[in-house]
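Here's the structure we're looking at; comments come further down.
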Amino acid sequence: MIVPIASLIFGFVIGYLGQRSRLCYIAGYRDYFLVRDTYVLKGMFGTIIGAVVGFTLFHFLGGNIPGFPMLLDTAGMNLKSAWLFAIVGGLGLGFFGCLSGGCPYRLHVMASEGKKTYWAYAAGFYLGLIYFNVVTTRFLEMIVQALR
Amino acid sequence: MSLPKIKVSAFTAGTVMGLGAALVQAYFKIIPPPAYGICMVCHPKDLVNWIADHLLGTAWGNVTVSTTVPVLTVVGIVLGAFVAARQHGEFRLEPAREPIFHFITGFMVINFGLILGSCPIRIIIVSSYGSLIAILGYACLIVGVFLGSLTLRWIARRYVQRRAAA
């Protein structure tokens with residue numbers, strides 16, 4: 001039972017912080033490219049620093065950090081399709097995330113602030129999730145088979 | 001009773017998120033897959049798949065950590081943001097602008113996010129875990145945002161020109 005409780009509490013904390021700090025993981029780059037504003041970009045540097053320090057520290061303190069650093073480990077997927085999915089997914093997520101106005105985390109926070117624009121976003125998001133499970137997964141399996 | 005107003009900088013919030021993602025993996029069993037502390041496309045997927053598999057009898061499957069009980073990060077984020085907004089008087093129901101456009105972008109974001117296997121937050125966390133594939137994905141994400149920014153600028157320019165012409 002520790003997993004749902006820990007993730008719920010951690011989610012509450014980061015949701016609270018996200019609402020107070022306007023932190024967004026796509027608007028940071030977008031603001032920098034468009035108007036050279038670095039306020040949100042600093043949050044991303046903070047995340048990189050926090051994660052690198054955290055993983056290294058807990059690795060040496062004996063926490064559950066297996067296979068650190070990961071390097072070319074793809075968790076069961078073959079390497080060719082992993083590269084392909086990283087490129088296609090990264091480009092698509094960045095492009096459409098930028099058009100939608102922020103990362104999914106930020107837009108969930110804004111939806112919780114009562115902005116109905118992002119309720120429409122969330123509707124598309126969760127419908128797309130079902131579409132992925134039903135349709136996109138099949139395509140991905142075909143690509144993985146073809147590249148084997 | 002008035003609750004204290006809290007102001008947090010983006011840098012502090014980001015650092016807490018990075019450290020917290022490492023902490024929940026190291027000591028609170030949110031693993032495997034590794035570097036799974038925060039993900040705003042995989043955690044919703046886990047929750048929806050778990051509900052669908054248990055209530056509707058589908059066979060969409062789940063990652064190891066969410067097979068018996070799902071991760072509830074999304075619920076926490078929505079609750080936390082709602083509480084913060086109410087506490088500071090920032091909760092306001094605002095009518096939707098361009099709902100169909102946002103519906104479509106949401107649809108595309110979740111599909112590309114699941115192809116990548118991570119959201120813009122988790123890609124940073126997996127990159128910090130040392131995965132070279134994630135670093136490539138992260139670079140492509142930044143290129144994608146750059147292309148998106150150019151598109152936004154183009155849309156804005158065209159809008160201004162049309163207004164000027166009219």
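Here, A, B, ... name the chains of the structure tokens in the order displayed, residue numbers run from 1 inside each chain, and ligands are numbered from 1 in the same displayed order.
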Skip range 45-55 of chain B itself and residues of its chain fewer than 2 positions away, then list as number ranges by chain all residues within 10 Å of it, counting only C-alpha atoms. A: 126, 129-130, 132-133; B: 39-43, 57-75, 110, 114
Between CA of Arg92 in chain B and CA of Thr38 in chain A, distance in Å (one decimal): 27.4 Å
Would you list the contacts of range 112-117 of chain A as a short mmCIF file (atom, residue, chain, number, x, y, z; two decimals) with C-alpha atoms, in the first residue's frame, taking every protein, DNA or RNA residue within 9 Å and counting only C-alpha atoms, but skipping same-chain residues closer than 4 positions in sequence?
```cif
data_model
loop_
_atom_site.label_atom_id
_atom_site.label_comp_id
_atom_site.auth_asym_id
_atom_site.auth_seq_id
_atom_site.Cartn_x
_atom_site.Cartn_y
_atom_site.Cartn_z
CA GLN A 19 0.62 26.20 -8.59
CA LEU A 107 -1.90 22.18 -17.79
CA HIS A 108 -3.30 19.82 -15.13
CA TYR A 121 -7.27 19.81 -23.08
CA ALA A 122 -7.75 17.17 -20.36
CA ILE B 77 -1.29 17.03 -8.34
CA VAL B 78 -4.88 18.03 -9.09
CA LEU B 79 -5.74 18.14 -5.36
CA GLY B 80 -2.56 20.02 -4.44
CA ALA B 81 -3.01 22.63 -7.16
CA PHE B 82 -6.69 23.05 -6.23
CA VAL B 83 -5.86 23.55 -2.55
CA ALA B 84 -3.08 26.03 -3.38
CA ALA B 85 -5.36 27.97 -5.74
CA ARG B 86 -8.21 28.12 -3.19
CA GLU B 90 -6.65 32.21 -7.39
CA PHE B 91 -9.39 29.69 -8.15
CA ARG B 92 -11.65 31.21 -10.79
CA LEU B 93 -13.90 29.51 -13.31
CA GLU B 94 -12.91 30.95 -16.68
CA PRO B 95 -14.69 30.14 -19.95
CA ALA B 96 -12.85 28.03 -22.52
CA ARG B 97 -10.88 29.66 -25.35
CA GLU B 98 -10.43 27.54 -28.52
CA PRO B 99 -11.60 24.29 -26.86
CA HIS B 102 -6.79 22.39 -27.11
CA PHE B 103 -8.70 19.10 -27.33
#
```
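If only C-alpha atoms are the atoms counted, then among A:Tyr118, A:Tyr16, A:Tyr131, A:Tyr25 the closest residue to Phe101 in chain B is A:Tyr118.
The smallest atom-to-atom distance between Leu23 in chain A and any of A:Val40, A:Leu71, A:Leu8, A:Ala123, using only C-alpha atoms, is found for A:Val40.
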Within 12 Å of Leu91 in chain A using only C-alpha atoms, minus same-chain residues under 5 positions, as a list of chain:residue names: A:Leu84, A:Phe85, A:Ala86, A:Phe96, A:Gly97, A:Cys98, B:Met108, B:Val109, B:Phe112, B:Gly113, B:Ile115, B:Leu116, B:Pro120, B:Leu136, B:Gly137, B:Tyr138, B:Ala139, B:Cys140, B:Leu141, B:Ile142, B:Val143, B:Gly144, B:Val145, B:Phe146, B:Leu147, B:Gly148
Which distance in Å separates CA of Leu56 in chain B and CA of Val134 in chain A, to one decimal? 14.0 Å
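The space between CA of Leu127 in chain A and CA of Phe107 in chain B spans 6.8 Å.
Distance check against chain B using only C-alpha atoms: of A:Phe125, A:Phe60, A:Leu79, A:Thr137, the minimum falls on A:Phe125.
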Contact residues around Met70 in chain A with only C-alpha atoms at 8 Å, ignoring same-chain residues under 5 positions, as an mmCIF file with C-alpha atoms, in the first residue's frame:
```cif
data_model
loop_
_atom_site.group_PDB
_atom_site.id
_atom_site.type_symbol
_atom_site.label_atom_id
_atom_site.label_comp_id
_atom_site.auth_asym_id
_atom_site.auth_seq_id
_atom_site.Cartn_x
_atom_site.Cartn_y
_atom_site.Cartn_z
ATOM 1 C CA TYR B 129 19.594 8.580 -14.405
ATOM 2 C CA GLY B 130 22.192 8.356 -17.186
ATOM 3 C CA SER B 131 20.137 6.914 -20.067
ATOM 4 C CA LEU B 132 21.670 7.931 -23.414
#
```
I need the residues in range 38-162 of chain B that are helix (DSSP H, G or I) according to DSSP; give them as number ranges by chain. B: 42-56, 64-66, 73-87, 99-116, 120-128, 132-162
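With distances taken over only C-alpha atoms, B:Ile133 is the one residue among B:Val160, B:Ala166, B:Leu3, B:Ile133 lying closest to chain A.
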